[in-house]
Each structure stands twice: as structure tokens, then as C-alpha cells.
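> What follows is the file work-v3.txt, containing compact mmCIF, C-alpha atoms:
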# COMPACT_ATOMS: atom_id res chain seq x y z
CA MET A 21 67.94 -32.13 31.62
CA TYR A 22 68.79 -30.93 35.14
CA LYS A 23 71.74 -32.96 36.34
CA VAL A 24 72.61 -33.09 40.03
CA PHE A 25 76.24 -33.43 41.15
CA ALA A 26 77.60 -34.08 44.64
CA GLY A 27 81.15 -32.95 43.98
CA SER A 28 83.67 -32.07 41.29
CA PHE A 29 87.32 -33.10 41.59
CA LYS A 30 90.56 -32.90 39.64
CA SER A 31 91.49 -36.35 40.95
CA ARG A 32 89.50 -39.44 39.96
CA GLU A 33 90.57 -41.04 43.25
CA ASN A 34 88.92 -38.22 45.20
CA ALA A 35 85.77 -38.65 43.14
CA GLN A 36 85.80 -42.37 43.89
CA GLU A 37 86.15 -41.61 47.60
CA ARG A 38 83.07 -39.39 47.36
CA ILE A 39 81.20 -42.24 45.64
CA GLY A 40 82.20 -44.55 48.50
CA PHE A 41 80.93 -42.07 51.06
CA LEU A 42 77.64 -41.64 49.22
CA ARG A 43 77.26 -45.41 48.96
CA SER A 44 77.67 -45.66 52.74
CA LYS A 45 74.64 -43.36 52.98
CA GLY A 46 72.64 -45.50 50.56
CA ILE A 47 73.04 -43.09 47.64
CA GLN A 48 74.04 -44.40 44.22
CA SER A 49 76.29 -42.22 42.06
CA PHE A 50 78.74 -42.37 39.19
CA ILE A 51 81.62 -40.37 37.73
CA VAL A 52 81.29 -38.10 34.72
CA ALA A 53 84.56 -36.76 33.30
CA THR A 54 84.44 -33.30 31.72
CA VAL A 55 87.05 -30.90 30.34
CA ILE A 56 86.98 -27.32 31.64
CA SER A 57 89.55 -24.79 30.36
CA GLY A 58 91.75 -27.63 29.16
CA GLU A 59 91.66 -29.49 32.50
CA THR A 60 89.81 -32.74 33.20
CA TRP A 61 87.44 -32.72 36.14
CA PHE A 62 85.63 -35.72 37.58
CA ARG A 63 82.10 -34.91 38.66
CA VAL A 64 80.04 -37.20 40.88
CA GLN A 65 76.52 -37.36 39.49
CA VAL A 66 73.61 -38.35 41.71
CA GLY A 67 70.67 -37.75 39.43
CA ALA A 68 69.25 -36.34 36.21
CA PHE A 69 65.75 -34.91 35.88
CA SER A 70 63.62 -33.34 33.18
CA ILE A 71 61.81 -31.23 35.79
CA GLN A 72 63.80 -28.59 37.66
CA GLU A 73 61.80 -28.94 40.87
CA ASN A 74 62.71 -32.62 41.09
CA ALA A 75 66.38 -31.78 40.72
CA GLU A 76 66.10 -29.15 43.44
CA GLN A 77 64.45 -31.69 45.73
CA ARG A 78 67.36 -34.06 45.07
CA VAL A 79 69.80 -31.33 46.12
CA THR A 80 67.85 -30.83 49.33
CA ASP A 81 67.77 -34.56 50.05
CA ILE A 82 71.52 -34.91 49.47
CA LYS A 83 72.24 -32.00 51.82
CA GLY A 84 69.98 -33.43 54.51
CA SER A 85 71.40 -36.95 54.46
CA THR A 86 75.09 -36.22 53.83
CA GLY A 87 75.79 -32.53 54.51
CA ILE A 88 77.12 -32.17 50.96
CA ASN A 89 76.15 -29.06 49.01
CA ALA A 90 75.11 -30.63 45.73
CA PHE A 91 74.62 -28.48 42.63
CA ILE A 92 72.59 -28.53 39.43
CA LEU A 93 73.77 -28.12 35.86
CA ALA A 94 71.17 -27.71 33.11
CA GLU A 95 72.08 -29.30 29.80
CA ASN A 96 70.41 -29.97 26.49
CA VAL A 97 70.23 -33.63 25.52
CA SER A 98 72.28 -34.30 22.41
CA SER A 99 70.99 -36.37 19.52
CA PRO A 100 70.95 -40.07 20.47
CA THR A 101 72.91 -40.95 17.36
CA GLN A 102 75.67 -38.43 17.94
CA ASN A 103 78.53 -38.74 20.42
CA PRO A 104 80.31 -35.39 20.90
CA SER A 105 83.69 -37.05 21.45
CA SER A 106 83.70 -39.70 18.77
CA GLY A 107 81.22 -38.65 16.08
CA PRO A 108 78.17 -40.62 14.94
CA ILE A 109 77.33 -43.65 17.08
CA ASP A 110 77.43 -47.01 15.32
CA LEU A 111 73.94 -48.45 15.80
CA ASN A 112 74.92 -51.79 14.27
CA PRO A 113 78.29 -52.82 15.71
CA THR A 114 79.65 -56.24 14.86
CA SER A 115 83.06 -56.57 16.52
CA ILE A 116 83.46 -57.20 20.24
CA LEU A 117 86.66 -55.16 20.12
CA GLY A 118 86.38 -51.43 19.52
CA PRO A 119 85.83 -48.05 21.20
CA THR A 120 83.08 -47.58 23.77
CA GLN A 121 80.87 -44.91 22.23
CA LEU A 122 78.00 -44.44 24.67
CA SER A 123 78.61 -42.48 27.84
CA ALA A 124 78.32 -43.97 31.31
CA GLU A 125 75.45 -41.58 31.91
CA THR A 126 73.54 -42.88 28.87
CA MET A 127 73.92 -46.48 30.03
CA ASN A 128 72.86 -45.69 33.58
CA THR A 129 69.94 -43.52 32.55
CA TYR A 130 68.62 -46.11 30.10
CA VAL A 131 68.67 -49.03 32.51
CA ARG A 132 67.17 -46.92 35.30
CA SER A 133 64.29 -46.04 32.94
CA ILE A 134 63.39 -49.74 32.96
CA ASN A 135 64.57 -50.80 36.41
CA PRO A 136 64.78 -47.82 38.79
CA ASN A 137 66.75 -49.97 41.26
CA ALA A 138 69.44 -51.04 38.79
CA PRO A 139 73.03 -50.55 39.96
CA LEU A 140 74.94 -47.72 38.31
CA LEU A 141 77.62 -49.66 36.45
CA GLY A 142 78.07 -47.47 33.40
CA ASP A 143 81.35 -45.95 34.57
CA PHE A 144 82.87 -49.40 35.16
CA TYR A 145 81.82 -50.64 31.72
CA LYS A 146 83.12 -47.51 30.02
CA THR A 147 86.43 -47.27 31.89
CA LEU A 148 87.31 -50.97 31.86
CA GLY A 149 85.97 -51.43 28.34
CA GLU A 150 88.28 -48.70 27.09
CA TYR A 151 91.22 -50.29 28.93
CA TYR A 152 90.68 -53.71 27.30
CA GLY A 153 89.67 -52.24 23.93
CA ILE A 154 86.24 -53.85 24.19
CA ARG A 155 82.89 -52.27 23.33
CA GLY A 156 81.95 -51.63 26.95
CA ASP A 157 78.59 -50.18 25.93
CA VAL A 158 77.60 -53.34 24.06
CA ALA A 159 78.92 -55.40 26.99
CA PHE A 160 76.58 -53.35 29.19
CA ALA A 161 73.72 -54.37 26.87
CA GLN A 162 74.83 -57.98 27.28
CA ALA A 163 74.73 -57.57 31.06
CA MET A 164 71.18 -56.22 30.87
CA HIS A 165 70.22 -59.17 28.69
CA GLU A 166 71.82 -61.68 31.06
CA THR A 167 70.30 -60.22 34.24
CA ASP A 168 66.88 -59.05 33.00
CA TYR A 169 67.96 -55.42 33.45
CA PHE A 170 69.68 -56.29 36.75
CA ARG A 171 66.50 -57.73 38.23
CA PHE A 172 68.20 -61.17 38.42
CA THR A 173 65.19 -63.29 37.59
CA GLY A 174 67.28 -66.30 36.45
CA ASP A 175 69.75 -68.61 38.18
CA VAL A 176 72.21 -65.88 39.18
CA ARG A 177 71.12 -63.93 42.24
CA ASN A 178 71.48 -60.27 43.11
CA GLY A 179 74.52 -59.85 45.33
CA GLN A 180 76.74 -62.23 43.35
CA ASN A 181 77.95 -59.30 41.22
CA ASN A 182 77.92 -61.73 38.30
CA PHE A 183 76.52 -59.60 35.49
CA ALA A 184 77.42 -61.95 32.64
CA GLY A 185 76.15 -65.31 33.86
CA ILE A 186 79.71 -66.63 34.17
CA GLY A 187 79.55 -70.24 35.34
CA ALA A 188 75.74 -70.29 35.37
CA THR A 189 75.47 -73.30 33.10
CA GLY A 190 71.81 -74.11 33.69
CA GLY A 191 69.97 -76.52 35.92
CA GLY A 192 69.96 -74.04 38.79
CA ALA A 193 73.74 -73.52 38.85
CA ARG A 194 74.31 -70.10 40.40
CA GLY A 195 77.66 -69.51 38.75
CA ALA A 196 80.52 -67.34 39.95
CA SER A 197 80.36 -64.69 42.66
CA PHE A 198 82.54 -61.60 42.99
CA PRO A 199 83.13 -59.45 46.09
CA THR A 200 82.46 -56.09 44.42
CA ARG A 201 80.52 -54.74 41.47
CA GLU A 202 83.71 -53.49 39.85
CA GLU A 203 85.24 -56.97 40.00
CA GLY A 204 82.08 -58.43 38.50
CA VAL A 205 82.34 -56.06 35.54
CA LEU A 206 86.07 -56.79 35.28
CA ALA A 207 85.39 -60.53 35.06
CA HIS A 208 82.76 -59.94 32.39
CA LEU A 209 85.13 -57.94 30.19
CA GLN A 210 87.99 -60.37 30.73
CA HIS A 211 85.72 -63.21 29.60
CA LEU A 212 84.81 -61.26 26.46
CA TYR A 213 88.50 -60.55 25.88
CA ALA A 214 89.22 -64.28 25.96
CA TYR A 215 86.69 -64.88 23.20
CA ALA A 216 87.59 -61.84 21.11
CA THR A 217 91.36 -62.14 20.79
CA ASN A 218 94.41 -64.36 21.22
CA ALA A 219 96.45 -61.45 22.58
CA PRO A 220 97.82 -61.68 26.14
CA LEU A 221 95.57 -60.18 28.79
CA PRO A 222 96.80 -56.70 29.81
CA ASN A 223 98.15 -56.84 33.35
CA ARG A 224 96.97 -53.65 35.07
CA TYR A 225 94.22 -55.67 36.77
CA PRO A 226 94.41 -59.19 38.22
CA LEU A 227 92.72 -62.07 36.39
CA VAL A 228 89.41 -62.52 38.20
CA ASP A 229 87.57 -64.49 35.52
CA LEU A 230 88.17 -68.04 36.73
CA ARG A 231 86.84 -69.45 33.44
CA PHE A 232 89.19 -67.37 31.27
CA ARG A 233 91.46 -70.31 30.50
CA LEU A 234 88.50 -72.54 29.61
CA VAL A 235 87.66 -70.36 26.61
CA ASN A 236 88.84 -71.29 23.13
CA ARG A 237 90.82 -68.07 22.69
CA GLY A 238 89.85 -65.91 19.73
CA SER A 239 86.92 -68.13 18.82
CA ALA A 240 84.31 -65.34 18.76
CA THR A 241 85.42 -61.94 17.50
CA THR A 242 81.87 -60.72 16.85
CA TRP A 243 78.81 -60.55 19.08
CA THR A 244 76.83 -62.97 16.92
CA ALA A 245 79.73 -65.42 17.01
CA LEU A 246 78.92 -65.86 20.72
CA ASN A 247 75.84 -67.80 19.63
CA GLY A 248 76.19 -71.36 20.90
CA LYS A 249 79.34 -70.46 22.83
CA TRP A 250 78.41 -68.00 25.57
CA ALA A 251 74.85 -69.25 25.56
CA VAL A 252 73.75 -72.74 24.48
CA PRO A 253 71.97 -73.24 22.15
CA GLY A 254 71.76 -69.44 21.94
CA THR A 255 70.93 -69.33 18.25
CA SER A 256 69.97 -65.63 18.47
CA TYR A 257 71.98 -64.67 21.55
CA GLY A 258 74.24 -62.10 19.88
CA GLN A 259 71.37 -60.61 17.90
CA SER A 260 69.42 -60.07 21.13
CA ILE A 261 72.36 -58.17 22.64
CA LEU A 262 72.73 -55.97 19.56
CA ASN A 263 69.01 -55.22 19.42
CA LEU A 264 69.10 -54.14 23.07
CA TYR A 265 72.19 -52.01 22.41
CA LYS A 266 70.43 -50.29 19.50
CA ARG A 267 67.42 -49.45 21.70
CA MET A 268 69.75 -47.98 24.31
CA SER A 269 71.63 -45.95 21.67
CA GLU A 270 68.36 -44.47 20.40
CA PHE A 271 67.02 -43.72 23.90
I'd like the structure from this file rewritten - as C-alpha cells, please.


Amino acid sequence: MYKVFAGSFKSRENAQERIGFLRSKGIQSFIVATVISGETWFRVQVGAFSIQENAEQRVTDIKGSTGINAFILAENVSSPTQNPSSGPIDLNPTSILGPTQLSAETMNTYVRSINPNAPLLGDFYKTLGEYYGIRGDVAFAQAMHETDYFRFTGDVRNGQNNFAGIGATGGGARGASFPTREEGVLAHLQHLYAYATNAPLPNRYPLVDLRFRLVNRGSATTWTALNGKWAVPGTSYGQSILNLYKRMSEF
């Protein structure tokens, strides 16, 4: 794989600023954290290609539209069932709570293989999932299930940043809207947190899930326990999420 990066920073905030600048130019990107000589660097990735010429064309395009000197790193693709940082990937998770095993890059690459216009939300699901102790990678699979791979073919519309169907109760109800993609992911994970545990919500981020207090706290600690709760009747709702997650893990 030839991965294209438009910057590498010691500060995540600087990397996020670069992402904001690229977004203003219509270029989607995401952060990949890597350790070099014992120091963590935050790289801003703008593409990954199996053909070197395509990666080189991406570098040229980035330079022409932004003035940024992007660079290419060639990497081998690791086994889909092995995560270098956490060992073998669990292909059959049950609990909503737990470590996020798939990388942001894996999530983004998988969804873009199905919907090339999908937003790059992997970094939000990984970072916020790790903060709340929720399987952010499985939550990402849930978001793909809810939104038809972010094509928004149901009641929720693109632009609402509602990736979990929060408040979309059927009959054409559009559900909640959030001002940014990050806040939409935050609401999704907060809603899962409400179902998964009775513990107080950690307070680094504001409560943006307006239906948080409507949930019977701790009533669904597993993905299949969401059947009939998150989705009604939803008799195979959780199983559909886990099947999608497994396909993504094996991609």
C-alpha cells in the first residue's frame, strides 16, 4: 500500500488544524498516530493506493490545490486478523464495552471501498470510543448499518450528522441533528454508553445526546441486547451489526 500524507506533527492539535485546512479545500483526511524513536507523531493521511502511480498523482493534486508538499510511505498490509498494538482481533465481540481494536484507517478504507464518498469518521470513532471504553470499531459498523454506508437512504438525511438514527423513530421522523461530524459521533457513543453501563458519564465532553436520559441505563450490555431496544422490532439488529463488523475486520 502506498499511503499519502499531508503533514506529520508532534501535536494532535496541529494535525487537526491541518485537517481543517484540507477540509476547506474540499479534501477529506484523517489522523494516524505513529511512534518514531519513542515519540508519538500525528500524521494526516489523505489517501492509500495499491498502485504507486495513483499515489504519486495524489501528491501532485494535493500540491496543486493546497501548496502542501505531501509525501508517500509504502507499507505492507498486515493480516486482517492481527492488530500490531493489541494482538489478535476479536472477530466475534459480544460486549459493547471494550477496547477499540481496528484502526481508524481500516474503518475508513473499508467504508470507502463500498461508498467512495463516505465521510472519514474512523478517527472520531477510535478516539472517542477509547475515551468512553466502548468498542468504537463495532460502533462504526453500527453507523454503517444505520446509514447504509453513509449513503443516508432512510429517514435521516446527509448533513444531520446523525450516524446512529438517534430520534429517528419511524414514520418519516428525521431524528436529531448535530452541528459537526464529531458531535454526531459523540452523541452516538454517549447513547451506547447509556445502554451499556450504569456508571456516570465521563465529563471531558458535554452531553450532546438529548435522549441519553430516556434510556433504561445498563439495559443492554451486549450488541445483541440492543435488539428491540435501539431498533424495534429489530429481532436481528445486533447480529447485523456484528456480521458487518466481521466483514470489515476481514477486509

> Excluding stretch 134-150 of chain A and its own-chain neighbours fewer than 5 positions away, which residues fall within 7 Å of it when counting all atoms listed in the file? Please give them as a PyMOL selection string.

chain A and resi 48-51+119-120+124-125+127-128+155-157+160+169-170+202+205-206+209

> Atom CA of A:Arg194 to atom CA of A:Phe232: how many Å, to one decimal?

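Value for the atom CA of A:Arg194-atom CA of A:Phe232 distance: 17.7 Å.
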
> Between atom CA of A:Asp229 and atom CA of A:Thr217, what is the spacing in Å?

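Computing it gives 15.4 Å between the two atoms.
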
> Please determine, counting all atoms listed in the file, which residue among A:Phe172, A:Trp243, A:Phe62, A:Tyr130 has the shortest atom-to-atom distance to A:Ala159.

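Of A:Phe172, A:Trp243, A:Phe62, A:Tyr130, the one nearest A:Ala159, counting all atoms listed in the file, is A:Trp243.
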
> Separation of atom CA of A:Gln180 and atom CA of A:Phe198, in Å?

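Distance reported for this atom pair: 5.8 Å.
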
> Skipping near chain neighbours, those fewer than 2 positions away, what residues fall within 9 Å of stretch 36-38 of chain A using all atoms listed in the file, listed as a ChimeraX atom specification?

/A:26-27,31-34,40-43,50-51,64

> My list of candidates is A:Ile186, A:Val176, A:Ala35, A:Ala216. Which is closest to A:Gly118 when distances are computed with all atoms listed in the file?

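Closest to A:Gly118 of all the choices is A:Ala216.
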
> So that I can see what lies close to A:Ile92, please list as a VMD selection string the residues with an atom at most 12 Å from it, counting all atoms listed in the file and leaving out residues fewer than 2 positions away in the same chain.

chain A and resid 21 to 28 63 to 80 82 89 to 90 94 to 95

> For each of A:Gly58, A:Pro253, A:Gly153, A:Gly195, take the minimum atom-to-atom distance to A:Ser115, counting all atoms listed in the file, then give the residue where this is smallest.

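Ranked by minimum distance to A:Ser115, first place goes to A:Gly153.
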
> Which is closer to A:Thr60 than all the others in A:Lys30, A:Ser239, A:Ser269, A:Gly84, using only C-alpha atoms?

A:Lys30
